[in-house]
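*Asks:* Submitted below is the structure of interest, expressed as structure tokens.
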Amino acid sequence: MQHRIVVLGAGYTGAITAGRLAKRLRREDVAITLVNAEPDFVERVRMHQLATGQRLRPRPLGEMFAGTGVEVRIAKVTGVDADRRTVSVTGADGDGELAYDTLVYALGSGWNPQGVPGTAEHAYEIAGRPGALRLRERLARLRAGQTVVVVGGGLTGVEAATEIAEARPDLGVAIAAHGGLGDWLSPKGREHLRKVFARLGVTVHEHVTVASVEADRVVTADGTAIPADVTVWATGFAVHPIAKATTLKVGDTGQIVVDGTLRSVSHPDVYAVGDAALAMGPGNKPLRMSCASGTPSAWQAADAIAARLTGGKLPNVPIRYFNQCVSLGRRDGLIQVVTADDRAVRAALTGRFAAFYKELVCKGAAWGVANPTLGLPVRRRPVTHKQAASSAVREPA
């Protein structure tokens with residue numbers, strides 16, 4: 001009997017995990033099913049570009065995984081029963097259940113309104129394609145002189161504000177940051193960020209807390225009203241709520257608590273990757289929700305699953321950071337070099353070369369997903385009967 005591996009979510013981490021497993025395991029031994037709500041792979045790191053009217057290359061999942069042995073199922077995940085080892089889905093074929101021997105949970109994250117009044121009703125988000133397309137349509141209808149306020153001074157907010165300001169110089173663009181602009185960067189990085197914002201005419205509101213969002217303004221905690229014909233909410237991400245509704249052990253954020261191989265500490269037949277995983281990195285700090293930690297977590301999980309099923313050596317490659325890549329429109333960028341635990345150091349690349357570097361990173365990540373069985377030597381190994389059988393029995397946490 002084939003060992004059933006079900007991967008939930010075909011973002012960067014889910015798609016990479018499925019493709020890597022297809023390279024590591026023999027097709028006659030495993031049945032790999034990749035479940036995703038949309039038929040295409042979405043380059044989430046480019047949602048600010050999509051929102052400003054740029055065209056993104058379509059990447060149908062069916063074409064990407066054709067001939068790999070991975071079955072793509074277009075369906076929405078509605079529940080996970082971690083004790084019965086089943087996943088509930090709904091799609092064009094109706095409602096159903098998928099049974100698994102090994103589950104890879106990669107449903108990722110979405111925008112986080114944080115309970116701020118008016119955000120859900122009036123704000124736009126770019127955490128996914130539907131939100132980015134909705135914002136795109138709204139921006140297209142704005143007239144010269146109207147205002148856009150981006151709430152959130154992190155990477156997403158900075159990229160959104162600069163992209164919109166560059167694409168629509170006729171608009172009044174502002175950013176509202178809880179702290180100082182780029183306060184996580186090195187002095188060189190902060191200086192460059194301020195120069196770019198000044199060049200693009202982006203108004204900066206620092207050290208402010210947005211208390212509410214209205215149809216034509218955002219209101220800060222001290223009662224200041226900032227005019228906003230469009231408010232873009234970019235204050236961070238919240239994980240998909242399904243894991244928290246299961247018997248899986250999760251943290252306060254709703255992320256699945258995992259060990260160094262991305263394996264659930266409560267259910268050994270479940271792995272979590274990317275934003276869905278509460279994994280510890282250097283300095284015993286949780287890995288942040290990002291592509292920088294998501295991609296290596298997918299590699300780690302796939303190799304660990306393959307090793308356990310084939311009796312191979314478990315991977316032992318700590319996930320660490322090297323840099324933060326920030327696009328500042330299409331012609332400028334910032335590459336901030338960081339320590340293993342993601343703290344900025346003095347070194348930083350800026351300008352057109354940084355923009356080129358960031359573009360290479362984005363293209364490389366998309367290429368790796370779109371070519372799941374290329375790039376590394378194929379080492380398909382047989383699943384041992386002993387491992388396959390024992391994997392169907394609950395191991396102690």
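Every chain in the structure tokens has a letter given in the order shown (A, B, ...), and although residue numbers restart at 1 in each chain, ligands are simply numbered from 1 in the order shown.
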Please report as CSV every residue of range 212-269 of chain A lying within 8 Å of range 111-115 of chain A, along with the nearest atom pair and their distance in Å (one decimal), using only C-alpha atoms.
*Replies:*
```
residue,atom,partner,partner_atom,distance
A:Trp233,CA,A:Pro113,CA,7.4
A:Ala234,CA,A:Trp111,CA,7.4
A:Thr235,CA,A:Asn112,CA,7.0
A:Gly236,CA,A:Asn112,CA,6.0
A:Phe237,CA,A:Trp111,CA,4.8
A:Ala238,CA,A:Asn112,CA,5.1
```
*Asks:* Excluding same-chain residues fewer than 5 positions from Arg73 in chain A, what lies within 9 Å of it counting only C-alpha atoms, as a list in words?
*Replies:*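 In the requested form, the answer reads Thr33, Leu34, Val35, Asn36, Ala37, Pro39, Gly62 and Gly91 of chain A.
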*Asks:* For the residues in the current selection, export N, CA and C atoms as a PDB file, in the first residue's frame.
*Replies:*
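Heads up, here's the output in out03.pdb:
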```pdb
ATOM      1  N   THR A  33      -0.503  14.211  -2.508  1.00  0.00           N
ATOM      2  CA  THR A  33      -1.618  15.048  -2.940  1.00  0.00           C
ATOM      3  C   THR A  33      -1.391  16.465  -2.442  1.00  0.00           C
ATOM      4  N   LEU A  34      -1.445  17.425  -3.345  1.00  0.00           N
ATOM      5  CA  LEU A  34      -1.269  18.837  -3.017  1.00  0.00           C
ATOM      6  C   LEU A  34      -2.618  19.533  -3.140  1.00  0.00           C
ATOM      7  N   VAL A  35      -3.115  20.077  -2.033  1.00  0.00           N
ATOM      8  CA  VAL A  35      -4.444  20.698  -1.996  1.00  0.00           C
ATOM      9  C   VAL A  35      -4.288  22.212  -1.939  1.00  0.00           C
ATOM     10  N   ASN A  36      -4.985  22.905  -2.841  1.00  0.00           N
ATOM     11  CA  ASN A  36      -4.914  24.367  -2.851  1.00  0.00           C
ATOM     12  C   ASN A  36      -6.244  24.946  -3.304  1.00  0.00           C
ATOM     13  N   ALA A  37      -6.618  26.072  -2.736  1.00  0.00           N
ATOM     14  CA  ALA A  37      -7.920  26.668  -3.054  1.00  0.00           C
ATOM     15  C   ALA A  37      -7.942  27.296  -4.438  1.00  0.00           C
ATOM     16  N   PRO A  39      -6.262  27.600  -8.504  1.00  0.00           N
ATOM     17  CA  PRO A  39      -5.601  26.725  -9.478  1.00  0.00           C
ATOM     18  C   PRO A  39      -4.195  27.160  -9.855  1.00  0.00           C
ATOM     19  N   GLY A  62      -1.448  22.758 -12.177  1.00  0.00           N
ATOM     20  CA  GLY A  62      -1.543  21.525 -12.957  1.00  0.00           C
ATOM     21  C   GLY A  62      -0.379  21.358 -13.912  1.00  0.00           C
ATOM     22  N   GLY A  91     -14.891  21.693  -2.839  1.00  0.00           N
ATOM     23  CA  GLY A  91     -14.426  22.219  -4.118  1.00  0.00           C
ATOM     24  C   GLY A  91     -15.439  21.972  -5.201  1.00  0.00           C
TER      25      GLY A  91
END
```
*Asks:* What are the DSSP helix (DSSP H, G or I) residues of range 118-227 of chain A, as number ranges by chain?
*Replies:* A: 119-122, 129-140, 155-167, 187-200
*Asks:* Can you spit out the residues from that selection as a compact mmCIF listing (two decimals), in the first residue's frame, using N, CA and C atoms?
*Replies:*
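The resulting selection04.txt:
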```txt
# COMPACT_ATOMS: atom_id res chain seq x y z
N THR A 119 -11.45 48.60 10.34
CA THR A 119 -10.46 48.04 9.43
C THR A 119 -11.10 47.06 8.45
N ALA A 120 -11.88 46.13 8.95
CA ALA A 120 -12.50 45.13 8.09
C ALA A 120 -13.45 45.77 7.08
N GLU A 121 -14.10 46.85 7.48
CA GLU A 121 -15.09 47.49 6.60
C GLU A 121 -14.44 48.41 5.56
N HIS A 122 -13.38 49.11 5.94
CA HIS A 122 -12.88 50.19 5.09
C HIS A 122 -11.46 49.99 4.53
N ARG A 129 -3.83 37.32 -3.29
CA ARG A 129 -4.26 37.81 -4.60
C ARG A 129 -5.63 38.47 -4.59
N PRO A 130 -6.65 37.90 -3.94
CA PRO A 130 -7.96 38.57 -3.94
C PRO A 130 -7.90 39.99 -3.38
N GLY A 131 -7.16 40.16 -2.28
CA GLY A 131 -7.03 41.50 -1.70
C GLY A 131 -6.27 42.44 -2.60
N ALA A 132 -5.19 41.95 -3.22
CA ALA A 132 -4.40 42.80 -4.11
C ALA A 132 -5.20 43.22 -5.33
N LEU A 133 -6.02 42.32 -5.87
CA LEU A 133 -6.85 42.67 -7.02
C LEU A 133 -7.93 43.67 -6.64
N ARG A 134 -8.47 43.54 -5.45
CA ARG A 134 -9.47 44.50 -4.97
C ARG A 134 -8.85 45.89 -4.82
N LEU A 135 -7.65 45.94 -4.26
CA LEU A 135 -6.96 47.22 -4.13
C LEU A 135 -6.59 47.78 -5.50
N ARG A 136 -6.20 46.92 -6.40
CA ARG A 136 -5.86 47.35 -7.77
C ARG A 136 -7.02 48.07 -8.43
N GLU A 137 -8.20 47.47 -8.30
CA GLU A 137 -9.39 48.07 -8.91
C GLU A 137 -9.70 49.43 -8.27
N ARG A 138 -9.51 49.52 -6.96
CA ARG A 138 -9.80 50.79 -6.26
C ARG A 138 -8.79 51.87 -6.62
N LEU A 139 -7.52 51.51 -6.69
CA LEU A 139 -6.50 52.50 -7.04
C LEU A 139 -6.72 53.03 -8.45
N ALA A 140 -7.17 52.18 -9.35
CA ALA A 140 -7.40 52.59 -10.73
C ALA A 140 -8.48 53.66 -10.83
N LEU A 155 8.17 45.55 6.43
CA LEU A 155 8.57 45.30 5.04
C LEU A 155 7.40 45.44 4.08
N THR A 156 6.25 44.86 4.43
CA THR A 156 5.09 44.93 3.53
C THR A 156 4.62 46.36 3.34
N GLY A 157 4.54 47.11 4.43
CA GLY A 157 4.09 48.50 4.34
C GLY A 157 5.03 49.36 3.53
N VAL A 158 6.34 49.19 3.75
CA VAL A 158 7.34 49.97 3.03
C VAL A 158 7.27 49.67 1.53
N GLU A 159 7.18 48.40 1.18
CA GLU A 159 7.12 48.04 -0.24
C GLU A 159 5.84 48.55 -0.88
N ALA A 160 4.72 48.45 -0.16
CA ALA A 160 3.45 48.93 -0.71
C ALA A 160 3.47 50.43 -0.94
N ALA A 161 3.95 51.19 0.05
CA ALA A 161 3.95 52.65 -0.05
C ALA A 161 4.82 53.13 -1.21
N THR A 162 6.01 52.56 -1.35
CA THR A 162 6.91 53.02 -2.41
C THR A 162 6.41 52.58 -3.78
N GLU A 163 5.83 51.39 -3.86
CA GLU A 163 5.32 50.91 -5.14
C GLU A 163 4.17 51.78 -5.63
N ILE A 164 3.25 52.11 -4.72
CA ILE A 164 2.11 52.94 -5.09
C ILE A 164 2.57 54.34 -5.46
N ALA A 165 3.50 54.90 -4.67
CA ALA A 165 3.98 56.26 -4.94
C ALA A 165 4.69 56.34 -6.28
N GLU A 166 5.45 55.32 -6.63
CA GLU A 166 6.16 55.33 -7.92
C GLU A 166 5.19 55.15 -9.08
N ALA A 167 4.21 54.23 -8.91
CA ALA A 167 3.27 53.95 -10.00
C ALA A 167 2.27 55.08 -10.20
N PRO A 187 21.93 52.09 10.30
CA PRO A 187 21.90 53.52 9.97
C PRO A 187 21.94 53.79 8.47
N LYS A 188 22.75 53.02 7.74
CA LYS A 188 22.81 53.21 6.29
C LYS A 188 21.47 52.85 5.65
N GLY A 189 20.85 51.77 6.12
CA GLY A 189 19.57 51.37 5.58
C GLY A 189 18.48 52.39 5.86
N ARG A 190 18.45 52.91 7.08
CA ARG A 190 17.44 53.92 7.44
C ARG A 190 17.62 55.19 6.62
N GLU A 191 18.87 55.59 6.44
CA GLU A 191 19.14 56.81 5.67
C GLU A 191 18.66 56.66 4.23
N HIS A 192 18.95 55.51 3.64
CA HIS A 192 18.52 55.30 2.25
C HIS A 192 17.00 55.26 2.16
N LEU A 193 16.36 54.61 3.12
CA LEU A 193 14.90 54.51 3.10
C LEU A 193 14.28 55.91 3.14
N ARG A 194 14.80 56.78 3.98
CA ARG A 194 14.26 58.13 4.06
C ARG A 194 14.50 58.92 2.78
N LYS A 195 15.64 58.71 2.15
CA LYS A 195 15.91 59.39 0.88
C LYS A 195 14.92 58.97 -0.18
N VAL A 196 14.62 57.67 -0.25
CA VAL A 196 13.68 57.18 -1.25
C VAL A 196 12.28 57.72 -0.98
N PHE A 197 11.86 57.71 0.27
CA PHE A 197 10.54 58.23 0.62
C PHE A 197 10.43 59.71 0.26
N ALA A 198 11.50 60.45 0.51
CA ALA A 198 11.48 61.88 0.17
C ALA A 198 11.43 62.07 -1.34
N ARG A 199 12.20 61.27 -2.07
CA ARG A 199 12.21 61.39 -3.53
C ARG A 199 10.85 61.07 -4.13
N LEU A 200 10.17 60.08 -3.56
CA LEU A 200 8.86 59.67 -4.07
C LEU A 200 7.72 60.52 -3.51
```
*Asks:* Using only C-alpha atoms, tabulate the residues of range 253-319 of chain A lying at most 9 Å from any atom of range 330-343 of chain A, each with its closest atom pair and that distance in Å to one decimal, by chain and increasing residue number, as JSON lines.
*Replies:*
```
{"residue": "A:Gly281", "atom": "CA", "partner": "A:Asp341", "partner_atom": "CA", "distance": 6.8}
{"residue": "A:Pro282", "atom": "CA", "partner": "A:Asp341", "partner_atom": "CA", "distance": 5.0}
{"residue": "A:Gly283", "atom": "CA", "partner": "A:Asp341", "partner_atom": "CA", "distance": 6.2}
{"residue": "A:Asn284", "atom": "CA", "partner": "A:Asp341", "partner_atom": "CA", "distance": 8.6}
{"residue": "A:Lys285", "atom": "CA", "partner": "A:Asp341", "partner_atom": "CA", "distance": 7.3}
{"residue": "A:Leu287", "atom": "CA", "partner": "A:Asp341", "partner_atom": "CA", "distance": 8.4}
{"residue": "A:Ile319", "atom": "CA", "partner": "A:Ala340", "partner_atom": "CA", "distance": 8.5}
```
*Asks:* Pick from A:Arg44, A:Arg84, A:Arg27, A:Arg288: nearest to Gly69 in chain A, with only C-alpha atoms counted?
*Replies:* A:Arg27
*Asks:* Show which residues sit within 8 Å of range 269-280 of chain A, as a ChimeraX atom specification. Count only C-alpha atoms, and ignore same-chain residues fewer than 2 positions away.
*Replies:* /A:13-14,82,101-109,239-240,250-251,254-260,262-264,267,282,284-291,293-295,297-298,301,391-392,394
*Asks:* Export, as a short mmCIF file (atom, residue, chain, number, x, y, z; two decimals), in the first residue's frame, the selected residues with N, CA and C atoms.
*Replies:*
```cif
data_model
loop_
_atom_site.label_atom_id
_atom_site.label_comp_id
_atom_site.auth_asym_id
_atom_site.auth_seq_id
_atom_site.Cartn_x
_atom_site.Cartn_y
_atom_site.Cartn_z
N THR A 13 5.94 27.47 0.40
CA THR A 13 6.38 26.36 1.23
C THR A 13 5.70 25.04 0.88
N GLY A 14 4.39 25.08 0.67
CA GLY A 14 3.68 23.84 0.34
C GLY A 14 4.12 23.27 -0.99
N ALA A 82 -6.84 15.75 13.34
CA ALA A 82 -5.49 15.22 13.51
C ALA A 82 -5.47 13.88 14.22
N ASP A 101 -1.40 9.53 5.81
CA ASP A 101 -0.45 8.93 6.74
C ASP A 101 0.52 9.98 7.26
N THR A 102 0.86 10.92 6.36
CA THR A 102 1.69 12.07 6.75
C THR A 102 1.02 13.33 6.20
N LEU A 103 0.89 14.33 7.05
CA LEU A 103 0.28 15.59 6.64
C LEU A 103 1.31 16.71 6.71
N VAL A 104 1.36 17.53 5.67
CA VAL A 104 2.17 18.75 5.68
C VAL A 104 1.21 19.93 5.67
N TYR A 105 1.21 20.68 6.76
CA TYR A 105 0.29 21.81 6.92
C TYR A 105 1.02 23.08 6.48
N ALA A 106 0.58 23.64 5.36
CA ALA A 106 1.23 24.83 4.79
C ALA A 106 0.20 25.85 4.35
N LEU A 107 -0.85 26.02 5.17
CA LEU A 107 -1.92 26.94 4.79
C LEU A 107 -1.54 28.41 4.96
N GLY A 108 -0.42 28.67 5.63
CA GLY A 108 0.12 30.02 5.65
C GLY A 108 -0.67 31.01 6.48
N SER A 109 -0.70 32.25 6.01
CA SER A 109 -1.28 33.34 6.78
C SER A 109 -2.01 34.31 5.88
N VAL A 239 -2.17 33.76 11.15
CA VAL A 239 -2.18 32.45 10.52
C VAL A 239 -3.60 31.97 10.27
N HIS A 240 -3.73 31.02 9.35
CA HIS A 240 -5.02 30.41 9.06
C HIS A 240 -5.58 29.81 10.34
N VAL A 250 -0.65 24.20 19.49
CA VAL A 250 -0.35 25.47 18.83
C VAL A 250 0.08 26.50 19.87
N GLY A 251 0.76 27.53 19.41
CA GLY A 251 1.16 28.62 20.28
C GLY A 251 0.08 29.68 20.37
N GLY A 254 -1.49 30.79 17.17
CA GLY A 254 -2.21 29.81 16.37
C GLY A 254 -1.31 28.99 15.47
N GLN A 255 -0.01 29.23 15.54
CA GLN A 255 0.94 28.45 14.75
C GLN A 255 1.17 27.09 15.40
N ILE A 256 1.44 26.08 14.59
CA ILE A 256 1.67 24.73 15.08
C ILE A 256 3.08 24.64 15.67
N VAL A 257 3.17 24.16 16.91
CA VAL A 257 4.47 24.04 17.58
C VAL A 257 5.20 22.83 17.00
N VAL A 258 6.42 23.07 16.49
CA VAL A 258 7.18 22.01 15.83
C VAL A 258 8.58 21.89 16.43
N ASP A 259 9.23 20.76 16.12
CA ASP A 259 10.62 20.57 16.55
C ASP A 259 11.56 21.03 15.45
N GLY A 260 12.82 20.69 15.56
CA GLY A 260 13.81 21.15 14.60
C GLY A 260 13.65 20.59 13.20
N LEU A 262 10.62 20.38 11.83
CA LEU A 262 9.31 20.93 11.45
C LEU A 262 8.18 19.93 11.71
N ARG A 263 8.39 19.01 12.61
CA ARG A 263 7.41 17.99 12.97
C ARG A 263 6.63 18.45 14.19
N SER A 264 5.31 18.29 14.15
CA SER A 264 4.47 18.65 15.28
C SER A 264 4.93 17.93 16.54
N HIS A 267 1.70 15.65 17.41
CA HIS A 267 1.24 14.65 16.44
C HIS A 267 2.37 14.39 15.44
N PRO A 282 17.85 30.74 15.47
CA PRO A 282 19.01 31.13 16.25
C PRO A 282 18.62 32.05 17.41
N ASN A 284 17.20 31.12 20.02
CA ASN A 284 15.94 30.61 20.57
C ASN A 284 14.80 31.59 20.36
N LYS A 285 14.82 32.23 19.19
CA LYS A 285 13.77 33.17 18.81
C LYS A 285 12.88 32.53 17.75
N PRO A 286 11.57 32.73 17.82
CA PRO A 286 10.69 32.17 16.79
C PRO A 286 11.04 32.76 15.42
N LEU A 287 11.04 31.91 14.40
CA LEU A 287 11.26 32.39 13.05
C LEU A 287 10.10 33.29 12.65
N ARG A 288 10.42 34.40 11.97
CA ARG A 288 9.36 35.32 11.58
C ARG A 288 8.65 34.80 10.33
N MET A 289 7.41 35.27 10.16
CA MET A 289 6.65 34.89 8.98
C MET A 289 7.26 35.57 7.76
N SER A 290 7.88 34.80 6.92
CA SER A 290 8.57 35.37 5.76
C SER A 290 8.97 34.26 4.81
N CYS A 291 9.23 34.65 3.57
CA CYS A 291 9.75 33.71 2.59
C CYS A 291 11.16 33.27 2.98
N SER A 293 12.36 32.47 5.83
CA SER A 293 12.37 31.31 6.71
C SER A 293 11.46 30.21 6.19
N GLY A 294 10.47 30.56 5.36
CA GLY A 294 9.54 29.57 4.84
C GLY A 294 10.18 28.58 3.90
N THR A 295 11.00 29.06 2.97
CA THR A 295 11.62 28.17 1.99
C THR A 295 12.54 27.14 2.65
N SER A 297 12.40 26.06 5.62
CA SER A 297 11.58 25.16 6.44
C SER A 297 10.94 24.08 5.56
N ALA A 298 10.60 24.42 4.34
CA ALA A 298 10.05 23.43 3.41
C ALA A 298 11.11 22.38 3.05
N ALA A 301 11.56 20.10 6.18
CA ALA A 301 10.46 19.18 6.42
C ALA A 301 10.45 18.05 5.39
N SER A 391 4.72 4.49 10.72
CA SER A 391 4.25 5.87 10.59
C SER A 391 2.75 5.97 10.75
N ALA A 392 2.05 4.84 10.65
CA ALA A 392 0.61 4.85 10.82
C ALA A 392 0.20 4.66 12.27
N ARG A 394 0.55 6.21 16.20
CA ARG A 394 0.87 7.43 16.91
C ARG A 394 2.11 7.25 17.76
#
```
*Asks:* To test your reading of the structure, identify every residue in range 69-296 of chain A that backbone DSSP assigns to strand (DSSP E or B), and report it as a VMD selection string.
*Replies:* chain A and resid 70 to 81 86 to 91 94 to 99 102 to 105 109 to 111 123 to 124 147 to 151 172 to 176 203 to 205 210 to 214 217 to 220 225 to 227 230 to 233 237 to 239 250 256 to 258 263 to 264 270 to 272 277 to 278 280 to 281 285 to 286
*Asks:* For CA of Pro241 in chain A and CA of Ile74 in chain A, determine how far apart the two atoms are, in Å to one decimal place.
*Replies:*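 Computed distance, CA of Pro241 in chain A to CA of Ile74 in chain A, equals 19.6 Å.
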